[in-house]
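Enquirer: Coordinates in target_10.txt, compact mmCIF, C-alpha atoms and all ligand atoms, are listed below.
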# COMPACT_ATOMS: atom_id res chain seq x y z
CA MET A 2 96.45 -125.23 235.88
CA THR A 3 97.36 -122.84 238.71
CA HIS A 4 96.69 -119.14 238.30
CA PRO A 5 98.47 -116.22 239.92
CA PRO A 6 96.41 -115.02 242.86
CA LEU A 7 94.11 -112.12 242.18
CA PRO A 8 95.16 -109.11 244.22
CA LEU A 9 92.43 -107.81 246.49
CA VAL A 10 92.60 -104.38 244.92
CA ARG A 11 93.19 -104.42 241.19
CA PRO A 12 93.84 -101.37 239.07
CA GLY A 13 90.92 -100.17 236.97
CA GLY A 14 90.57 -101.12 233.33
CA LEU A 15 91.24 -104.43 231.67
CA VAL A 16 94.82 -104.83 232.81
CA ASP A 17 96.87 -107.93 233.35
CA GLN A 18 99.73 -108.59 235.71
CA PHE A 19 102.27 -107.76 232.98
CA GLY A 20 100.86 -104.26 232.53
CA ARG A 21 99.08 -104.84 229.23
CA VAL A 22 95.69 -103.21 228.80
CA ALA A 23 92.96 -104.74 226.64
CA ARG A 24 91.39 -102.28 224.22
CA ASP A 25 90.51 -104.55 221.31
CA LEU A 26 87.56 -106.91 221.87
CA ARG A 27 87.02 -109.71 219.34
CA VAL A 28 83.47 -111.01 219.41
CA SER A 29 82.63 -114.30 217.77
CA VAL A 30 78.97 -113.88 216.82
CA THR A 31 78.52 -117.44 215.57
CA ASP A 32 80.63 -120.59 215.33
CA ARG A 33 79.05 -121.58 211.99
CA CYS A 34 80.72 -121.05 208.66
CA ASN A 35 79.69 -121.39 205.01
CA LEU A 36 83.19 -122.40 203.92
CA ARG A 37 85.10 -125.49 205.00
CA CYS A 38 88.71 -124.37 204.71
CA THR A 39 90.78 -127.51 204.96
CA TYR A 40 93.16 -125.96 207.52
CA CYS A 41 90.30 -124.85 209.77
CA MET A 42 87.37 -127.27 209.69
CA PRO A 43 86.56 -130.80 208.58
CA ALA A 44 84.43 -131.22 205.44
CA GLU A 45 81.36 -132.22 207.45
CA GLY A 46 81.59 -129.15 209.70
CA LEU A 47 81.62 -129.30 213.49
CA PRO A 48 78.99 -129.85 216.18
CA TRP A 49 77.58 -126.30 216.21
CA LEU A 50 76.62 -124.53 219.40
CA PRO A 51 72.94 -125.05 220.26
CA LYS A 52 70.96 -121.83 219.83
CA ALA A 53 69.98 -121.78 223.50
CA GLU A 54 73.66 -121.58 224.48
CA MET A 55 74.38 -118.63 222.23
CA LEU A 56 74.08 -115.11 223.54
CA THR A 57 71.09 -113.22 222.17
CA ASP A 58 71.72 -109.81 220.61
CA GLU A 59 70.54 -108.16 223.79
CA GLU A 60 72.92 -110.23 225.94
CA MET A 61 75.82 -109.66 223.57
CA LEU A 62 75.25 -105.90 223.55
CA ARG A 63 75.04 -105.81 227.30
CA VAL A 64 78.39 -107.60 227.68
CA ILE A 65 80.07 -105.54 224.96
CA GLY A 66 78.81 -102.43 226.75
CA VAL A 67 80.56 -103.56 229.94
CA PHE A 68 83.83 -104.00 228.02
CA VAL A 69 83.46 -100.64 226.31
CA ARG A 70 82.85 -98.78 229.55
CA ASP A 71 86.03 -100.35 230.92
CA GLY A 72 88.31 -99.17 228.16
CA VAL A 73 87.69 -101.23 225.03
CA THR A 74 87.91 -98.87 222.04
CA GLN A 75 87.59 -101.33 219.16
CA VAL A 76 85.13 -104.18 218.68
CA ARG A 77 85.85 -106.66 215.91
CA LEU A 78 83.04 -109.01 214.88
CA THR A 79 84.19 -112.40 213.73
CA GLY A 80 83.22 -116.06 213.83
CA GLY A 81 82.66 -118.67 212.44
CA GLU A 82 81.40 -116.49 209.63
CA PRO A 83 79.89 -113.33 211.16
CA LEU A 84 77.62 -112.66 208.20
CA LEU A 85 75.76 -115.89 208.98
CA ARG A 86 74.27 -114.27 212.07
CA ARG A 87 70.90 -113.10 210.78
CA SER A 88 70.82 -110.03 212.98
CA ILE A 89 74.35 -108.89 212.12
CA VAL A 90 73.26 -105.45 210.84
CA GLU A 91 71.16 -104.81 213.96
CA LEU A 92 74.05 -105.98 216.14
CA VAL A 93 76.39 -103.49 214.47
CA ALA A 94 73.82 -100.73 214.95
CA GLY A 95 73.53 -101.68 218.63
CA ILE A 96 77.30 -101.51 219.12
CA ALA A 97 77.45 -98.17 217.31
CA ALA A 98 74.89 -96.84 219.79
CA LEU A 99 77.05 -97.69 222.82
CA ALA A 100 78.69 -94.90 224.75
CA PRO A 101 81.53 -94.34 224.32
CA ARG A 102 81.12 -95.53 220.73
CA PRO A 103 83.87 -98.02 219.86
CA ARG A 104 85.36 -98.40 216.39
CA ILE A 105 83.66 -101.37 214.76
CA ALA A 106 85.46 -103.77 212.43
CA MET A 107 84.66 -107.19 210.99
CA THR A 108 86.64 -110.18 209.82
CA THR A 109 84.68 -112.11 207.18
CA ASN A 110 85.27 -114.58 204.40
CA GLY A 111 83.44 -112.11 202.17
CA VAL A 112 81.07 -114.68 200.65
CA GLY A 113 77.91 -112.82 201.72
CA LEU A 114 79.38 -109.34 201.79
CA ALA A 115 78.09 -107.98 198.46
CA ARG A 116 74.52 -108.22 199.70
CA VAL A 117 75.04 -106.54 203.04
CA ALA A 118 78.12 -104.25 202.85
CA GLN A 119 76.13 -101.05 202.43
CA GLY A 120 73.70 -102.00 205.20
CA LEU A 121 76.59 -102.71 207.55
CA ALA A 122 78.26 -99.41 206.71
CA ASP A 123 75.00 -97.54 207.25
CA ALA A 124 74.60 -99.30 210.61
CA GLY A 125 78.04 -98.11 211.73
CA LEU A 126 80.62 -100.67 210.62
CA ASP A 127 83.90 -98.83 210.04
CA ARG A 128 86.23 -101.37 208.44
CA VAL A 129 86.38 -104.86 207.10
CA ASN A 130 89.04 -107.55 206.73
CA VAL A 131 88.30 -110.18 204.13
CA SER A 132 90.04 -113.53 204.34
CA LEU A 133 91.27 -114.73 200.97
CA ASP A 134 94.17 -117.13 200.60
CA THR A 135 94.24 -117.48 196.82
CA ILE A 136 92.84 -115.90 193.68
CA ASP A 137 93.19 -119.08 191.69
CA ALA A 138 89.64 -120.41 191.29
CA GLU A 139 90.64 -124.07 191.37
CA THR A 140 92.86 -123.67 194.43
CA PHE A 141 90.13 -121.64 196.15
CA THR A 142 87.54 -124.37 195.58
CA HIS A 143 89.92 -127.06 196.74
CA LEU A 144 91.01 -125.11 199.81
CA THR A 145 87.58 -123.92 200.97
CA ARG A 146 85.65 -126.92 199.61
CA ARG A 147 83.22 -124.41 198.08
CA ASP A 148 83.10 -122.74 194.65
CA ARG A 149 82.60 -119.17 195.93
CA LEU A 150 85.58 -117.12 194.74
CA GLY A 151 83.31 -114.95 192.57
CA ASP A 152 81.19 -114.07 195.60
CA VAL A 153 84.27 -113.06 197.59
CA GLU A 154 85.47 -110.82 194.75
CA ALA A 155 82.04 -109.20 194.59
CA GLY A 156 82.08 -108.78 198.36
CA LEU A 157 85.43 -107.01 198.26
CA LYS A 158 84.19 -104.60 195.59
CA ALA A 159 81.02 -103.91 197.56
CA ALA A 160 83.09 -103.16 200.67
CA VAL A 161 85.03 -100.49 198.81
CA ASP A 162 81.83 -99.02 197.33
CA ALA A 163 80.31 -98.87 200.81
CA GLY A 164 83.35 -97.00 202.14
CA LEU A 165 84.52 -99.78 204.48
CA THR A 166 88.08 -98.76 203.78
CA PRO A 167 90.91 -99.44 203.86
CA VAL A 168 89.74 -102.91 202.84
CA LYS A 169 92.25 -105.42 204.15
CA VAL A 170 92.77 -108.91 202.80
CA ASN A 171 94.08 -111.57 205.19
CA ALA A 172 95.86 -114.62 203.81
CA VAL A 173 97.41 -117.69 205.40
CA ALA A 174 100.35 -119.02 203.40
CA MET A 175 100.51 -122.80 203.24
CA ARG A 176 103.19 -125.03 201.84
CA GLY A 177 102.22 -126.75 198.63
CA VAL A 178 98.88 -124.93 198.55
CA ASN A 179 99.44 -121.24 197.88
CA ASP A 180 103.02 -120.49 198.92
CA ASP A 181 104.18 -120.22 195.31
CA THR A 182 101.51 -117.62 194.50
CA VAL A 183 101.96 -115.10 197.32
CA SER A 184 103.37 -112.53 194.85
CA GLU A 185 100.40 -113.00 192.50
CA LEU A 186 98.04 -112.40 195.39
CA LEU A 187 99.93 -109.24 196.32
CA GLY A 188 99.83 -108.00 192.71
CA TRP A 189 96.08 -108.65 192.56
CA CYS A 190 95.48 -106.72 195.80
CA LEU A 191 97.73 -103.83 194.72
CA GLU A 192 95.77 -103.43 191.47
CA ARG A 193 92.52 -103.17 193.39
CA GLY A 194 93.73 -101.07 196.31
CA TYR A 195 93.30 -103.79 198.95
CA GLU A 196 95.83 -103.93 201.78
CA LEU A 197 97.19 -107.47 201.98
CA ARG A 198 98.45 -109.11 205.17
CA PHE A 199 99.87 -112.59 205.42
CA ILE A 200 99.67 -114.51 208.66
CA GLU A 201 101.62 -117.56 209.78
CA GLN A 202 99.46 -120.61 210.26
CA MET A 203 98.82 -121.33 213.93
CA PRO A 204 97.92 -124.53 215.82
CA LEU A 205 94.18 -123.83 215.97
CA ASP A 206 92.72 -126.26 213.47
CA ALA A 207 89.83 -128.46 214.54
CA GLN A 208 91.72 -131.50 213.27
CA HIS A 209 94.82 -130.79 215.44
CA ALA A 210 96.98 -131.52 212.40
CA TRP A 211 99.19 -128.40 212.54
CA ASP A 212 102.89 -129.16 212.32
CA ARG A 213 105.42 -126.39 212.80
CA ARG A 214 107.74 -127.95 210.22
CA ASP A 215 105.08 -127.50 207.51
CA MET A 216 104.42 -123.89 208.37
CA ILE A 217 105.49 -121.15 205.95
CA THR A 218 107.36 -118.67 208.11
CA ALA A 219 107.09 -114.90 207.87
CA GLU A 220 110.69 -114.89 206.68
CA GLU A 221 109.84 -117.24 203.82
CA ILE A 222 106.86 -115.12 202.81
CA ARG A 223 109.01 -112.03 202.80
CA ALA A 224 111.68 -113.74 200.71
CA ARG A 225 109.10 -114.90 198.18
CA LEU A 226 107.58 -111.42 197.86
CA ALA A 227 111.04 -109.89 197.57
CA GLU A 228 111.65 -111.93 194.42
CA ARG A 229 109.19 -109.65 192.66
CA TYR A 230 108.82 -106.52 194.83
CA THR A 231 111.09 -104.19 196.75
CA LEU A 232 109.96 -104.28 200.37
CA THR A 233 110.96 -101.46 202.71
CA PRO A 234 110.10 -102.03 206.37
CA LEU A 235 108.08 -99.26 207.99
CA PRO A 236 109.57 -97.99 211.27
CA ALA A 237 108.80 -100.30 214.20
CA ALA A 238 107.57 -97.26 216.18
CA GLU A 239 104.58 -97.01 213.82
CA ARG A 240 103.52 -100.53 214.69
CA GLY A 241 102.20 -100.03 218.24
CA SER A 242 100.12 -103.04 219.24
CA ALA A 243 99.43 -103.96 215.59
CA PRO A 244 100.52 -107.53 214.92
CA ALA A 245 101.66 -107.01 211.32
CA GLU A 246 105.13 -105.92 210.37
CA ARG A 247 104.43 -103.64 207.43
CA PHE A 248 106.48 -102.95 204.34
CA LEU A 249 106.21 -100.31 201.65
CA VAL A 250 105.88 -102.07 198.32
CA ASP A 251 108.14 -100.69 195.59
CA GLY A 252 108.57 -97.42 197.49
CA GLY A 253 104.88 -97.11 198.47
CA PRO A 254 102.41 -95.77 199.16
CA ALA A 255 100.93 -99.30 199.05
CA THR A 256 101.98 -101.62 201.87
CA VAL A 257 101.94 -105.32 202.66
CA GLY A 258 101.85 -106.76 206.17
CA ILE A 259 103.30 -110.00 207.50
CA ILE A 260 102.15 -111.35 210.83
CA ALA A 261 104.69 -113.66 212.45
CA SER A 262 102.32 -114.98 215.09
CA VAL A 263 104.40 -118.10 215.64
CA THR A 264 108.03 -117.19 214.86
CA ALA A 265 107.97 -113.68 216.36
CA PRO A 266 104.92 -113.47 218.64
CA PHE A 267 103.64 -110.02 219.53
CA CYS A 268 102.25 -111.09 222.91
CA ALA A 269 104.18 -108.38 224.81
CA ALA A 270 102.16 -105.73 222.98
CA CYS A 271 98.88 -107.66 222.86
CA ASP A 272 95.83 -105.52 223.63
CA ARG A 273 93.19 -108.12 222.74
CA THR A 274 90.50 -109.95 224.56
CA ARG A 275 87.77 -112.21 223.26
CA LEU A 276 84.11 -113.04 223.76
CA THR A 277 82.75 -116.26 222.26
CA ALA A 278 79.26 -116.69 220.80
CA ASP A 279 78.27 -118.67 223.90
CA GLY A 280 79.35 -115.96 226.30
CA GLN A 281 82.82 -117.05 227.42
CA VAL A 282 85.61 -114.52 227.87
CA ARG A 283 89.05 -115.62 226.71
CA ASN A 284 92.15 -113.59 227.41
CA CYS A 285 94.13 -115.19 224.57
CA LEU A 286 93.50 -117.17 221.38
CA PHE A 287 95.49 -119.97 222.98
CA SER A 288 93.87 -119.94 226.44
CA ARG A 289 93.07 -123.34 227.85
CA THR A 290 90.59 -121.77 230.24
CA GLU A 291 87.83 -119.21 229.89
CA THR A 292 85.40 -117.31 232.10
CA ASP A 293 81.70 -117.94 231.75
CA LEU A 294 79.57 -114.81 231.59
CA ARG A 295 76.44 -116.41 230.17
CA THR A 296 75.41 -118.20 233.35
CA PRO A 297 75.75 -115.20 235.68
CA LEU A 298 74.18 -112.99 233.01
CA ARG A 299 71.12 -115.24 232.83
CA ASP A 300 71.05 -115.53 236.61
CA GLY A 301 70.59 -111.77 236.89
CA ALA A 302 74.16 -110.56 237.53
CA GLY A 303 74.63 -106.79 237.47
CA ASP A 304 77.19 -105.03 235.29
CA ASP A 305 79.61 -104.68 238.23
CA GLU A 306 79.59 -108.43 238.75
CA LEU A 307 80.20 -109.07 235.04
CA LEU A 308 82.99 -106.52 235.05
CA ASP A 309 84.63 -108.21 237.99
CA LEU A 310 84.58 -111.55 236.15
CA ILE A 311 86.02 -109.95 233.01
CA ARG A 312 88.78 -108.20 234.97
CA GLY A 313 89.65 -111.45 236.70
CA GLU A 314 89.98 -113.21 233.34
CA MET A 315 92.24 -110.46 232.04
CA TRP A 316 94.41 -110.51 235.14
CA ARG A 317 95.13 -114.19 234.54
CA LYS A 318 96.43 -113.58 231.01
CA ARG A 319 99.72 -115.34 230.52
CA ARG A 320 102.87 -113.58 229.39
CA GLY A 321 102.84 -115.33 226.03
CA HIS A 322 100.92 -117.86 223.96
CA GLY A 323 103.63 -120.45 224.52
CA ILE A 324 103.39 -122.14 221.10
CA GLY A 325 107.11 -122.88 221.18
CA ASP A 326 107.10 -124.25 224.75
CA PRO A 327 107.64 -127.99 225.22
CA ASP A 328 104.46 -128.22 227.29
CA PHE A 329 102.30 -126.30 224.77
CA VAL A 330 98.84 -127.82 224.36
CA GLN A 331 96.49 -126.60 221.66
CA PRO A 332 93.20 -125.20 223.03
CA ASP A 333 90.15 -127.45 222.76
CA ARG A 334 88.14 -124.85 220.90
CA PRO A 335 89.18 -124.51 217.28
CA MET A 336 89.71 -121.09 215.69
CA SER A 337 86.21 -121.16 214.21
CA ALA A 338 84.65 -121.34 217.68
CA ILE A 339 86.97 -118.79 219.29
CA GLY A 340 86.88 -116.12 216.62
CA GLY A 341 90.00 -115.42 214.62
N1 LIG B 401 84.94 -116.59 208.67
C1 LIG B 401 85.67 -115.38 208.92
C2 LIG B 401 86.84 -115.27 207.97
O1 LIG B 401 87.01 -116.16 207.15
O2 LIG B 401 87.53 -114.26 208.05
C3 LIG B 401 86.13 -115.19 210.35
C4 LIG B 401 86.66 -116.37 211.10
S1 LIG B 401 88.12 -117.09 210.44
C5 LIG B 401 88.43 -118.33 211.66
C6 LIG B 401 89.29 -115.82 210.76
C7 LIG B 401 90.64 -115.96 210.14
O3 LIG B 401 91.33 -116.99 210.76
C8 LIG B 401 90.67 -116.25 208.66
O4 LIG B 401 91.46 -115.28 208.03
C9 LIG B 401 91.34 -117.59 208.57
O5 LIG B 401 92.14 -117.73 207.43
C10 LIG B 401 92.18 -117.56 209.81
N2 LIG B 401 92.61 -118.86 210.28
C11 LIG B 401 91.88 -119.98 210.46
N3 LIG B 401 92.65 -120.97 210.94
C12 LIG B 401 93.88 -120.45 211.09
C13 LIG B 401 95.13 -120.96 211.55
N4 LIG B 401 95.24 -122.22 211.97
N5 LIG B 401 96.19 -120.15 211.58
C14 LIG B 401 96.08 -118.86 211.18
N6 LIG B 401 94.95 -118.32 210.73
C15 LIG B 401 93.87 -119.11 210.68
Step by step, read the file and then write its structure as structure tokens.

Expert:
Amino acid sequence: MTHPPLPLVRPGGLVDQFGRVARDLRVSVTDRCNLRCTYCMPAEGLPWLPKAEMLTDEEMLRVIGVFVRDGVTQVRLTGGEPLLRRSIVELVAGIAALAPRPRIAMTTNGVGLARVAQGLADAGLDRVNVSLDTIDAETFTHLTRRDRLGDVEAGLKAAVDAGLTPVKVNAVAMRGVNDDTVSELLGWCLERGYELRFIEQMPLDAQHAWDRRDMITAEEIRARLAERYTLTPLPAAERGSAPAERFLVDGGPATVGIIASVTAPFCAACDRTRLTADGQVRNCLFSRTETDLRTPLRDGAGDDELLDLIRGEMWRKRRGHGIGDPDFVQPDRPMSAIGG
């Protein structure tokens, strides 16, 4: 792949050649997961990253600090399943101690959240998104290949009790799996005060089995929800760089979000960048290339050198993810190893 040439003098901050500025850093703290969602991972799991290739807490904090000093204002911890990293509470505390202090969020499957929600909040975690595609116990077990719905429910409650609010629930709608129960899921979230967001399924599965024709589109999700609820779109101006189109439900104040990542990509407003558990910077979920920070970091690179590598990666960010392009090729790393 050919890249646009890097200008000799680049503007400061994490800008790309289309004028977007990265402010939201997603950090995958591990590629391991305790669920085996059929649309994400095979039943037997994946070849996990060897420990020696993963950034230590100290290395991760050093890199996150470089991002933060160059304009990142929000750090989202993800995975894999972020709660499987043993030092997750200490990592959050370390990020909260950075200057300037970024907002700290986490995307988790919620399985281990009940045990650690208060500790995370005390360490400085501000908000949490819990992934939950169904509240039907049988469908949950089939979909995740684990019987853990009760743990996720307990995790959600614990998140509210710990003040990690607003607690958001993320769901992927899938044909023949949960598409006929999207309204039930919304009703369940409304009753409990969770903010639900649906996301279109993207070609990021380890099995490379995604097929656009099978995907439930944002429009279909909206139509299904509208069978039971009155949805009023919130003004587009309130959206900013947020990927979800939000609707008031039955006049509000509760809302539901729908993220049309495939049918109406939000790339033009994207302010994200990513760091993988093994120290690679990715400028897009769908990048086919990445920039290695781990090697220079371990070879003694200074912060300026790391920053230069990060800025170079950002400058190469493409205009869009290109899912609809005829030459689109799914990245080698699956979602679980990039960090969703
Ligand atoms: N384990 C954590 C969790 O479950 O939230 C974090 C990692 S998980 C990969 C992050 C999110 O990506 C989950 O909400 C999951 O449903 C979503 N996801 C996984 N594969 C996806 C795909 N192909 N398209 C859209 N979302 C996907």

Enquirer: When you count all atoms listed in the file, which of these residues is closest to Ser132 in chain A: A:Ala98, A:Ala23, A:Leu36, A:Val178?

Expert: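 Going through A:Ala98, A:Ala23, A:Leu36, A:Val178 one by one, the smallest distance to Ser132 in chain A is for A:Leu36.
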
Enquirer: Choose the residue, out of A:Leu235, A:Val129, A:Ala243, A:Ala302, that has the smallest atom-to-atom separation from Phe267 in chain A; count only C-alpha atoms.

Expert: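 Closest to Phe267 in chain A, using only C-alpha atoms: A:Ala243.
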
Enquirer: Which residues are near ligand LIG 401 (chain B) - at most 9 Å, using all atoms listed in the file? Format: as a PyMOL selection string.

Expert: chain A and resi 29+32-36+38+40-42+78-84+107-112+130-134+170-174+200-207+211+262+335-341

Enquirer: Export C-alpha atoms of the chosen residues as a PDB file, in the coordinates of the input?

Expert:
ATOM      1  CA  SER A  29      82.630-114.300 217.770  1.00  0.00           C
ATOM      2  CA  ASP A  32      80.630-120.590 215.330  1.00  0.00           C
ATOM      3  CA  ARG A  33      79.050-121.580 211.990  1.00  0.00           C
ATOM      4  CA  CYS A  34      80.720-121.050 208.660  1.00  0.00           C
ATOM      5  CA  ASN A  35      79.690-121.390 205.010  1.00  0.00           C
ATOM      6  CA  LEU A  36      83.190-122.400 203.920  1.00  0.00           C
ATOM      7  CA  CYS A  38      88.710-124.370 204.710  1.00  0.00           C
ATOM      8  CA  TYR A  40      93.160-125.960 207.520  1.00  0.00           C
ATOM      9  CA  CYS A  41      90.300-124.850 209.770  1.00  0.00           C
ATOM     10  CA  MET A  42      87.370-127.270 209.690  1.00  0.00           C
ATOM     11  CA  LEU A  78      83.040-109.010 214.880  1.00  0.00           C
ATOM     12  CA  THR A  79      84.190-112.400 213.730  1.00  0.00           C
ATOM     13  CA  GLY A  80      83.220-116.060 213.830  1.00  0.00           C
ATOM     14  CA  GLY A  81      82.660-118.670 212.440  1.00  0.00           C
ATOM     15  CA  GLU A  82      81.400-116.490 209.630  1.00  0.00           C
ATOM     16  CA  PRO A  83      79.890-113.330 211.160  1.00  0.00           C
ATOM     17  CA  LEU A  84      77.620-112.660 208.200  1.00  0.00           C
ATOM     18  CA  MET A 107      84.660-107.190 210.990  1.00  0.00           C
ATOM     19  CA  THR A 108      86.640-110.180 209.820  1.00  0.00           C
ATOM     20  CA  THR A 109      84.680-112.110 207.180  1.00  0.00           C
ATOM     21  CA  ASN A 110      85.270-114.580 204.400  1.00  0.00           C
ATOM     22  CA  GLY A 111      83.440-112.110 202.170  1.00  0.00           C
ATOM     23  CA  VAL A 112      81.070-114.680 200.650  1.00  0.00           C
ATOM     24  CA  ASN A 130      89.040-107.550 206.730  1.00  0.00           C
ATOM     25  CA  VAL A 131      88.300-110.180 204.130  1.00  0.00           C
ATOM     26  CA  SER A 132      90.040-113.530 204.340  1.00  0.00           C
ATOM     27  CA  LEU A 133      91.270-114.730 200.970  1.00  0.00           C
ATOM     28  CA  ASP A 134      94.170-117.130 200.600  1.00  0.00           C
ATOM     29  CA  VAL A 170      92.770-108.910 202.800  1.00  0.00           C
ATOM     30  CA  ASN A 171      94.080-111.570 205.190  1.00  0.00           C
ATOM     31  CA  ALA A 172      95.860-114.620 203.810  1.00  0.00           C
ATOM     32  CA  VAL A 173      97.410-117.690 205.400  1.00  0.00           C
ATOM     33  CA  ALA A 174     100.350-119.020 203.400  1.00  0.00           C
ATOM     34  CA  ILE A 200      99.670-114.510 208.660  1.00  0.00           C
ATOM     35  CA  GLU A 201     101.620-117.560 209.780  1.00  0.00           C
ATOM     36  CA  GLN A 202      99.460-120.610 210.260  1.00  0.00           C
ATOM     37  CA  MET A 203      98.820-121.330 213.930  1.00  0.00           C
ATOM     38  CA  PRO A 204      97.920-124.530 215.820  1.00  0.00           C
ATOM     39  CA  LEU A 205      94.180-123.830 215.970  1.00  0.00           C
ATOM     40  CA  ASP A 206      92.720-126.260 213.470  1.00  0.00           C
ATOM     41  CA  ALA A 207      89.830-128.460 214.540  1.00  0.00           C
ATOM     42  CA  TRP A 211      99.190-128.400 212.540  1.00  0.00           C
ATOM     43  CA  SER A 262     102.320-114.980 215.090  1.00  0.00           C
ATOM     44  CA  PRO A 335      89.180-124.510 217.280  1.00  0.00           C
ATOM     45  CA  MET A 336      89.710-121.090 215.690  1.00  0.00           C
ATOM     46  CA  SER A 337      86.210-121.160 214.210  1.00  0.00           C
ATOM     47  CA  ALA A 338      84.650-121.340 217.680  1.00  0.00           C
ATOM     48  CA  ILE A 339      86.970-118.790 219.290  1.00  0.00           C
ATOM     49  CA  GLY A 340      86.880-116.120 216.620  1.00  0.00           C
ATOM     50  CA  GLY A 341      90.000-115.420 214.620  1.00  0.00           C
TER      51      GLY A 341
END

Enquirer: Quick one: pull the distance between CA of Thr218 in chain A and CA of Met175 in chain A, Å, one decimal.

Expert: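 One can read the CA of Thr218 in chain A to CA of Met175 in chain A distance as 9.4 Å.
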
Enquirer: Contacts of Lys52 in chain A at 12 Å or less, counting all atoms listed in the file, minus same-chain residues fewer than 3 places along, as a ChimeraX atom specification?

Expert: /A:30-33,48-49,55-57,86,278-279

Enquirer: CA of Leu232 in chain A and CA of Gly164 in chain A are how many Å apart?

Expert: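 Answer for the CA of Leu232 in chain A to CA of Gly164 in chain A separation: 27.6 Å.
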
Enquirer: Work out how far CA of Ser242 in chain A is from CA of Glu291 in chain A, in Å to one decimal.

Expert: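 If I compute the distance from CA of Glu291 in chain A to CA of Ser242 in chain A, I get 22.9 Å.
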
Enquirer: What lies within 12 Å of Gly253 in chain A using all atoms listed in the file, ignoring chain neighbours under 4 positions off, as a CSV table (one decimal) with C-alpha atoms, in the frame of the given file?

Expert:
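That gives us around03.csv:
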chain,number,residue,atom,x,y,z
A,191,LEU,CA,97.7,-103.8,194.7
A,196,GLU,CA,95.8,-103.9,201.8
A,230,TYR,CA,108.8,-106.5,194.8
A,231,THR,CA,111.1,-104.2,196.8
A,232,LEU,CA,110.0,-104.3,200.4
A,233,THR,CA,111.0,-101.5,202.7
A,234,PRO,CA,110.1,-102.0,206.4
A,235,LEU,CA,108.1,-99.3,208.0
A,247,ARG,CA,104.4,-103.6,207.4
A,248,PHE,CA,106.5,-103.0,204.3
A,249,LEU,CA,106.2,-100.3,201.6
A,257,VAL,CA,101.9,-105.3,202.7

Enquirer: Using all atoms listed in the file, which of the listed residues (A:Ile311, A:Val161, A:Ile136, A:Val93) sits closest to Val183 in chain A?

Expert: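 Nearest candidate to Val183 in chain A out of A:Ile311, A:Val161, A:Ile136, A:Val93: A:Ile136.
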
Enquirer: Between A:Val117, A:Leu294, A:Ile96, A:Val22, single out the one closest to Gly156 in chain A, counting only C-alpha atoms.

Expert: A:Val117

Enquirer: If you count only C-alpha atoms, which residues fall within 12 Å of Arg193 in chain A, apart from same-chain ones fewer than 2 positions away, as a PyMOL selection string?

Expert: chain A and resi 154+157-158+160-161+167-170+186-191+195-197+255

Enquirer: Can you work out which one of A:Arg275, A:Arg37, A:Arg295, A:Lys318 has the shortest atom-to-atom distance to Asp148 in chain A, counting only C-alpha atoms?

Expert: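 With only C-alpha atoms as the atom set, the closest residue is A:Arg37.
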
Enquirer: Which of these residues is nearest to Glu314 in chain A, using only C-alpha atoms: A:Leu298, A:Gln331, A:Gln281, A:Gly125?

Expert: A:Gln281

Enquirer: In file coordinates, which residues lie within 12 Å of (85.0, -104.7, 236.3) using only C-alpha atoms, given as a PyMOL selection string?

Expert: chain A and resi 10-16+64+66-72+303-316

Enquirer: Which protein, DNA or RNA residues have an atom at most 9 Å from (92.5, -102.0, 217.1), counting all atoms listed in the file? List them as a VMD selection string.

Expert: chain A and resid 24 to 26 74 to 77 104 106 242 to 243 272 to 273
